[in-house]
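One file, start_7.cif, is given below (mmCIF, C-alpha atoms).
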```cif
data_my_file
loop_
_atom_site.group_PDB
_atom_site.id
_atom_site.type_symbol
_atom_site.label_atom_id
_atom_site.label_comp_id
_atom_site.auth_asym_id
_atom_site.auth_seq_id
_atom_site.Cartn_x
_atom_site.Cartn_y
_atom_site.Cartn_z
ATOM 1 C CA MET A 1369 0.000 0.000 0.000
ATOM 2 C CA PRO A 1370 1.445 3.424 -0.927
ATOM 3 C CA SER A 1371 2.575 5.308 2.150
ATOM 4 C CA ASN A 1372 0.763 8.511 1.208
ATOM 5 C CA GLN A 1373 -2.641 6.801 1.480
ATOM 6 C CA ASN A 1374 -2.919 7.556 5.183
ATOM 7 C CA MET A 1375 -1.961 11.207 4.778
ATOM 8 C CA GLN A 1376 -4.663 13.814 4.952
ATOM 9 C CA GLY A 1377 -5.219 15.652 1.683
ATOM 10 C CA GLY A 1378 -3.927 18.926 3.117
ATOM 11 C CA LYS A 1379 -0.768 17.321 4.395
ATOM 12 C CA ALA A 1380 -0.090 15.614 1.066
ATOM 13 C CA PHE A 1381 -0.781 18.906 -0.693
ATOM 14 C CA GLY A 1382 1.618 20.698 1.655
ATOM 15 C CA LEU A 1383 4.247 18.095 0.867
ATOM 16 C CA LEU A 1384 3.667 18.508 -2.859
ATOM 17 C CA LYS A 1385 3.990 22.294 -2.504
ATOM 18 C CA ALA A 1386 7.233 21.860 -0.545
ATOM 19 C CA GLN A 1387 8.631 19.538 -3.219
ATOM 20 C CA GLN A 1388 7.601 22.003 -5.901
ATOM 21 C CA ARG A 1389 9.352 24.825 -4.065
ATOM 22 C CA ASP A 1390 12.505 22.700 -3.842
ATOM 23 C CA ARG A 1391 12.338 22.096 -7.587
ATOM 24 C CA LEU A 1392 11.925 25.825 -8.221
ATOM 25 C CA GLU A 1393 14.918 26.487 -5.967
ATOM 26 C CA GLU A 1394 17.001 24.034 -8.048
ATOM 27 C CA ILE A 1395 16.018 25.842 -11.239
ATOM 28 C CA ASN A 1396 16.846 29.207 -9.642
ATOM 29 C CA LYS A 1397 20.366 27.883 -8.986
ATOM 30 C CA GLU A 1398 20.699 27.063 -12.689
ATOM 31 C CA PHE A 1399 19.771 30.644 -13.563
ATOM 32 C CA MET A 1400 22.255 31.949 -10.970
ATOM 33 C CA GLU A 1401 25.029 29.964 -12.687
ATOM 34 C CA ASP A 1402 23.928 30.836 -16.221
ATOM 35 C CA GLN A 1403 26.429 33.195 -17.850
ATOM 36 C CA LYS A 1404 23.625 34.748 -19.873
ATOM 37 C CA TYR A 1405 22.134 36.322 -16.731
ATOM 38 C CA ARG A 1406 25.301 37.260 -14.860
ATOM 39 C CA ASP A 1407 24.816 40.972 -15.621
ATOM 40 C CA GLU A 1408 21.249 40.967 -14.320
ATOM 41 C CA ASP A 1409 20.923 43.296 -11.302
ATOM 42 C CA ASP A 1410 19.681 41.706 -8.056
ATOM 43 C CA LEU A 1411 19.274 38.339 -9.785
ATOM 44 C CA ALA A 1412 18.997 36.392 -6.517
ATOM 45 C CA GLU A 1413 16.247 38.675 -5.191
ATOM 46 C CA LYS A 1414 14.402 38.590 -8.506
ATOM 47 C CA LEU A 1415 14.555 34.807 -8.706
ATOM 48 C CA ASP A 1416 13.306 34.537 -5.145
ATOM 49 C CA SER A 1417 10.419 36.839 -5.932
ATOM 50 C CA PHE A 1418 9.632 34.896 -9.156
ATOM 51 C CA LYS A 1419 9.653 31.649 -7.180
ATOM 52 C CA ASN A 1420 7.105 33.021 -4.705
ATOM 53 C CA LYS A 1421 4.964 34.435 -7.519
ATOM 54 C CA TYR A 1422 5.046 31.172 -9.441
ATOM 55 C CA ALA A 1423 4.180 29.151 -6.345
ATOM 56 C CA GLU A 1424 1.069 31.329 -5.852
ATOM 57 C CA PHE A 1425 -0.424 29.800 -8.985
ATOM 58 C CA ASP A 1426 -2.395 26.599 -8.641
ATOM 59 C CA LEU A 1427 0.230 24.381 -10.224
ATOM 60 C CA ASN A 1428 -0.676 21.058 -11.785
ATOM 61 C CA ASP A 1429 0.908 17.766 -10.650
ATOM 62 C CA GLN A 1430 3.994 18.459 -12.746
ATOM 63 C CA GLY A 1431 4.403 21.796 -10.997
ATOM 64 C CA GLU A 1432 3.471 23.758 -14.111
ATOM 65 C CA ILE A 1433 0.891 26.453 -14.761
ATOM 66 C CA ASP A 1434 -1.895 25.050 -16.886
ATOM 67 C CA MET A 1435 -4.921 26.793 -18.353
ATOM 68 C CA MET A 1436 -6.990 26.405 -15.151
ATOM 69 C CA GLY A 1437 -4.169 27.668 -12.944
ATOM 70 C CA LEU A 1438 -3.697 30.681 -15.181
ATOM 71 C CA LYS A 1439 -7.448 31.327 -15.249
ATOM 72 C CA ARG A 1440 -7.686 31.271 -11.449
ATOM 73 C CA MET A 1441 -4.658 33.534 -11.052
ATOM 74 C CA MET A 1442 -6.009 36.082 -13.540
ATOM 75 C CA GLU A 1443 -9.369 36.089 -11.728
ATOM 76 C CA LYS A 1444 -7.623 36.478 -8.383
ATOM 77 C CA LEU A 1445 -5.720 39.466 -9.783
ATOM 78 C CA GLY A 1446 -8.982 40.937 -11.047
ATOM 79 C CA VAL A 1447 -8.083 40.636 -14.735
ATOM 80 C CA PRO A 1448 -10.161 37.690 -15.973
ATOM 81 C CA LYS A 1449 -9.198 36.560 -19.473
ATOM 82 C CA THR A 1450 -11.046 34.610 -22.135
ATOM 83 C CA HIS A 1451 -9.957 31.092 -23.043
ATOM 84 C CA LEU A 1452 -8.430 32.428 -26.255
ATOM 85 C CA GLU A 1453 -6.524 35.205 -24.482
ATOM 86 C CA MET A 1454 -5.102 32.684 -22.026
ATOM 87 C CA LYS A 1455 -4.057 30.311 -24.818
ATOM 88 C CA LYS A 1456 -2.272 33.266 -26.386
ATOM 89 C CA MET A 1457 -0.615 34.182 -23.062
ATOM 90 C CA ILE A 1458 0.678 30.634 -22.592
ATOM 91 C CA SER A 1459 1.834 30.462 -26.190
ATOM 92 C CA GLU A 1460 3.667 33.807 -25.777
ATOM 93 C CA VAL A 1461 5.607 32.401 -22.846
ATOM 94 C CA THR A 1462 6.326 28.939 -24.245
ATOM 95 C CA GLY A 1463 6.792 29.930 -27.864
ATOM 96 C CA GLY A 1464 3.846 27.695 -28.701
ATOM 97 C CA SER A 1465 5.683 24.531 -27.689
ATOM 98 C CA SER A 1466 3.435 23.648 -24.761
ATOM 99 C CA ASP A 1467 -0.030 24.073 -23.223
ATOM 100 C CA THR A 1468 1.499 24.667 -19.810
ATOM 101 C CA ILE A 1469 4.031 27.179 -18.514
ATOM 102 C CA ASN A 1470 6.930 25.620 -16.664
ATOM 103 C CA TYR A 1471 9.067 27.558 -14.228
ATOM 104 C CA ARG A 1472 12.022 27.922 -16.618
ATOM 105 C CA ASP A 1473 9.736 29.523 -19.207
ATOM 106 C CA PHE A 1474 8.258 31.730 -16.503
ATOM 107 C CA VAL A 1475 11.679 32.988 -15.351
ATOM 108 C CA LYS A 1476 12.895 33.503 -18.926
ATOM 109 C CA MET A 1477 9.754 35.517 -19.584
ATOM 110 C CA MET A 1478 10.219 37.637 -16.446
ATOM 111 C CA LEU A 1479 13.929 38.249 -17.166
ATOM 112 C CA GLY A 1480 13.484 38.564 -20.918
ATOM 113 C CA LYS A 1481 13.243 41.740 -22.934
ATOM 114 C CA ARG A 1482 9.951 40.795 -24.612
ATOM 115 C CA SER A 1483 6.848 42.060 -22.892
ATOM 116 C CA ALA A 1484 4.513 39.101 -22.694
ATOM 117 C CA VAL A 1485 1.006 39.842 -21.418
ATOM 118 C CA LEU A 1486 1.554 37.630 -18.366
ATOM 119 C CA LYS A 1487 4.749 39.517 -17.511
ATOM 120 C CA LEU A 1488 2.922 42.844 -17.714
ATOM 121 C CA VAL A 1489 0.165 41.535 -15.458
ATOM 122 C CA MET A 1490 2.730 40.281 -12.903
ATOM 123 C CA ILE A 1491 4.621 43.574 -12.916
ATOM 124 C CA PHE A 1492 1.382 45.540 -12.633
ATOM 125 C CA GLU A 1493 0.269 43.375 -9.722
ATOM 126 C CA ASP A 1494 3.585 43.997 -7.929
ATOM 127 C CA LYS A 1495 3.163 47.745 -8.342
ATOM 128 C CA ALA A 1496 -0.463 47.584 -7.218
ATOM 129 C CA ASN A 1497 0.501 45.725 -4.068
ATOM 130 C CA GLY A 1498 3.528 47.932 -3.550
ATOM 131 C CA SER A 1499 5.526 44.802 -2.841
ATOM 132 C CA VAL A 1500 8.513 44.386 -5.066
ATOM 133 C CA CYS A 1501 9.769 41.559 -2.938
ATOM 134 C CA LYS A 1502 8.369 40.888 0.494
ATOM 135 C CA PRO A 1503 10.911 39.505 2.921
ATOM 136 C CA ASP A 1504 9.766 36.326 4.623
ATOM 137 C CA GLY A 1505 9.687 36.129 8.379
ATOM 138 C CA PRO A 1506 8.651 38.470 11.159
ATOM 139 C CA PRO A 1507 8.642 42.225 10.641
ATOM 140 C CA PRO A 1508 11.750 44.062 11.810
ATOM 141 C CA LYS A 1509 11.898 44.513 15.592
ATOM 142 C CA ARG A 1510 11.041 47.946 16.908
ATOM 143 C CA ASP A 1511 12.274 49.248 20.181
ATOM 144 C CA ILE A 1512 9.943 50.817 22.715
ATOM 145 C CA ALA A 1513 11.239 54.312 21.988
ATOM 146 C CA SER A 1514 9.928 54.175 18.416
ATOM 147 C CA LEU A 1515 6.369 53.307 19.465
ATOM 148 C CA PRO A 1516 3.827 56.128 19.343
#
```
Can you present the structure in this file as structure tokens?
Amino acid sequence: MPSNQNMQGGKAFGLLKAQQRDRLEEINKEFMEDQKYRDEDDLAEKLDSFKNKYAEFDLNDQGEIDMMGLKRMMEKLGVPKTHLEMKKMISEVTGGSSDTINYRDFVKMMLGKRSAVLKLVMIFEDKANGSVCKPDGPPPKRDIASLP
């Protein structure tokens, strides 16, 4: 009997998410070592931010963004798209080679010079939230003197 049978759905999902994040981290390392991107400013911070963005999508079992994941993300961002528009967005990112967006394609799109629709939406959403890259963890400590 497979060992994950006795896991609750949420726990298994959490495990899947953790594995996906590890995979994204591996891919980020590849980009860090890629000569093509060595002149990119703040590459580590950008990759970290891309990883968090990408992980916000509902990824399929392969850890890729499929049509449904893209649809839900666009709705969550308040910019619902038609089926055709989403097909076009995915095709823009993958060059038409796939129906899903994998993380490598996502990072190449975000670092690339071409302005894909999805990239513009992501950048717009960052500006709207005023969060270029939120640090994880507790907010910085404040001493008593700085309290109102």
If you measure from atom CA of A:Gly1446 to atom CA of A:Phe1381, what distance in Å do you get, rounded to one decimal?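 It comes out at 25.7 Å.
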Would you kindly return, as a tab-separated table (two decimals) with C-alpha atoms, in the frame of the given file, each protein, DNA or RNA residue with an atom no farther than 10 Å from any atom of A:Met1436, considering only C-alpha atoms and excluding same-chain residues fewer than 2 positions away?
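Result file is selection00.tsv:
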```tsv
chain	number	residue	atom	x	y	z
A	1425	PHE	CA	-0.42	29.80	-8.98
A	1426	ASP	CA	-2.40	26.60	-8.64
A	1427	LEU	CA	0.23	24.38	-10.22
A	1428	ASN	CA	-0.68	21.06	-11.78
A	1433	ILE	CA	0.89	26.45	-14.76
A	1434	ASP	CA	-1.90	25.05	-16.89
A	1438	LEU	CA	-3.70	30.68	-15.18
A	1439	LYS	CA	-7.45	31.33	-15.25
A	1440	ARG	CA	-7.69	31.27	-11.45
A	1441	MET	CA	-4.66	33.53	-11.05
A	1442	MET	CA	-6.01	36.08	-13.54
A	1451	HIS	CA	-9.96	31.09	-23.04
A	1454	MET	CA	-5.10	32.68	-22.03
A	1468	THR	CA	1.50	24.67	-19.81
```
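With all atoms listed in the file as the basis for measurement, A:Met1435 is the residue among A:Gly1463, A:Met1435, A:Arg1389, A:Phe1474 that approaches A:Thr1450 most closely.
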Run through the PyMOL selection byres ((chain A and resi 1414) around 10) on the given coordinates and return the selected residues as a list in words.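 So the PyMOL selection byres ((chain A and resi 1414) around 10), applied here, picks out Asn1396, Glu1408, Asp1409, Asp1410, Leu1411, Ala1412, Glu1413, Leu1415, Asp1416, Ser1417, Phe1418, Lys1419, Asn1420, Val1475, Met1478, Leu1479, Val1500 and Cys1501 of chain A.
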Two-atom distance - atom CA of A:Glu1424, atom CA of A:Pro1448 (Å):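 Atom CA of A:Pro1448 lies at a distance of 16.4 Å from atom CA of A:Glu1424.
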In Å to one decimal, how far is atom CA of A:Lys1444 from atom CA of A:Lys1476?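 Between these atoms lies a distance of 23.3 Å.
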Option closest in space to A:Thr1462, from A:Glu1393, A:Glu1432, A:Asp1407, A:Glu1443 [counting all atoms listed in the file]: A:Glu1432
Closest of A:Glu1460, A:Asp1390, A:Asp1429, A:Glu1398 to A:Val1485 - atom-to-atom distances counting only C-alpha atoms: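 That would be A:Glu1460, the residue with the smallest distance to A:Val1485.
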For A:Tyr1422, the nearest of the candidates A:Glu1401, A:Glu1394, A:Glu1453, A:Asp1473, counting all atoms listed in the file: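 So, comparing all the options, the nearest one is A:Asp1473.
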Grab all the atoms of stretch 1478-1487 of chain A that the file lists, wrap them in a box along x, y and z, add 3 Å per side, and give me centre plus edge lengths in Å (one decimal) as lines of an AutoDock Vina configuration file.
```
center_x = 7.5
center_y = 39.8
center_z = -20.5
size_x = 18.9
size_y = 10.4
size_z = 14.2
```
Measuring atom to atom with all atoms listed in the file, identify which of A:Ser1465, A:Gln1430, A:Gln1403, A:Asn1470 is nearest to A:Leu1384.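 Of A:Ser1465, A:Gln1430, A:Gln1403, A:Asn1470, the one nearest A:Leu1384, counting all atoms listed in the file, is A:Gln1430.
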Please write stretch 1469-1491 of chain A of the preceding block to a file containing N, CA and C atoms, as a compact mmCIF listing (two decimals), in the first residue's frame?
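out25.txt was written with the following content:
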```txt
# COMPACT_ATOMS: atom_id res chain seq x y z
N ILE A 1469 2.85 26.34 -18.71
CA ILE A 1469 4.03 27.18 -18.51
C ILE A 1469 4.86 26.54 -17.41
N ASN A 1470 6.08 26.15 -17.73
CA ASN A 1470 6.93 25.62 -16.66
C ASN A 1470 7.74 26.76 -16.07
N TYR A 1471 8.39 26.48 -14.96
CA TYR A 1471 9.07 27.56 -14.23
C TYR A 1471 10.21 28.19 -15.04
N ARG A 1472 10.94 27.36 -15.79
CA ARG A 1472 12.02 27.92 -16.62
C ARG A 1472 11.47 28.95 -17.60
N ASP A 1473 10.35 28.59 -18.25
CA ASP A 1473 9.74 29.52 -19.21
C ASP A 1473 9.30 30.80 -18.50
N PHE A 1474 8.75 30.60 -17.29
CA PHE A 1474 8.26 31.73 -16.50
C PHE A 1474 9.40 32.69 -16.18
N VAL A 1475 10.53 32.14 -15.71
CA VAL A 1475 11.68 32.99 -15.35
C VAL A 1475 12.25 33.67 -16.59
N LYS A 1476 12.37 32.91 -17.69
CA LYS A 1476 12.89 33.50 -18.93
C LYS A 1476 12.00 34.65 -19.37
N MET A 1477 10.69 34.46 -19.21
CA MET A 1477 9.75 35.52 -19.58
C MET A 1477 9.98 36.75 -18.70
N MET A 1478 10.09 36.52 -17.38
CA MET A 1478 10.22 37.64 -16.45
C MET A 1478 11.56 38.36 -16.63
N LEU A 1479 12.61 37.62 -16.99
CA LEU A 1479 13.93 38.25 -17.17
C LEU A 1479 14.12 38.76 -18.59
N GLY A 1480 13.29 38.25 -19.50
CA GLY A 1480 13.48 38.56 -20.92
C GLY A 1480 13.13 39.99 -21.27
N LYS A 1481 13.49 40.38 -22.47
CA LYS A 1481 13.24 41.74 -22.93
C LYS A 1481 11.83 41.86 -23.52
N ARG A 1482 11.27 40.72 -24.00
CA ARG A 1482 9.95 40.79 -24.61
C ARG A 1482 8.90 41.03 -23.54
N SER A 1483 7.87 41.81 -23.90
CA SER A 1483 6.85 42.06 -22.89
C SER A 1483 5.64 41.19 -23.16
N ALA A 1484 5.66 40.00 -22.60
CA ALA A 1484 4.51 39.10 -22.69
C ALA A 1484 3.39 39.65 -21.81
N VAL A 1485 2.16 39.35 -22.18
CA VAL A 1485 1.01 39.84 -21.42
C VAL A 1485 1.11 39.41 -19.95
N LEU A 1486 1.47 38.14 -19.74
CA LEU A 1486 1.55 37.63 -18.37
C LEU A 1486 2.58 38.42 -17.56
N LYS A 1487 3.70 38.74 -18.19
CA LYS A 1487 4.75 39.52 -17.51
C LYS A 1487 4.20 40.88 -17.10
N LEU A 1488 3.48 41.52 -18.01
CA LEU A 1488 2.92 42.84 -17.71
C LEU A 1488 1.94 42.77 -16.55
N VAL A 1489 1.13 41.71 -16.55
CA VAL A 1489 0.16 41.54 -15.46
C VAL A 1489 0.90 41.36 -14.13
N MET A 1490 1.95 40.53 -14.13
CA MET A 1490 2.73 40.28 -12.90
C MET A 1490 3.38 41.57 -12.39
N ILE A 1491 3.95 42.33 -13.30
CA ILE A 1491 4.62 43.57 -12.92
C ILE A 1491 3.59 44.56 -12.38
```
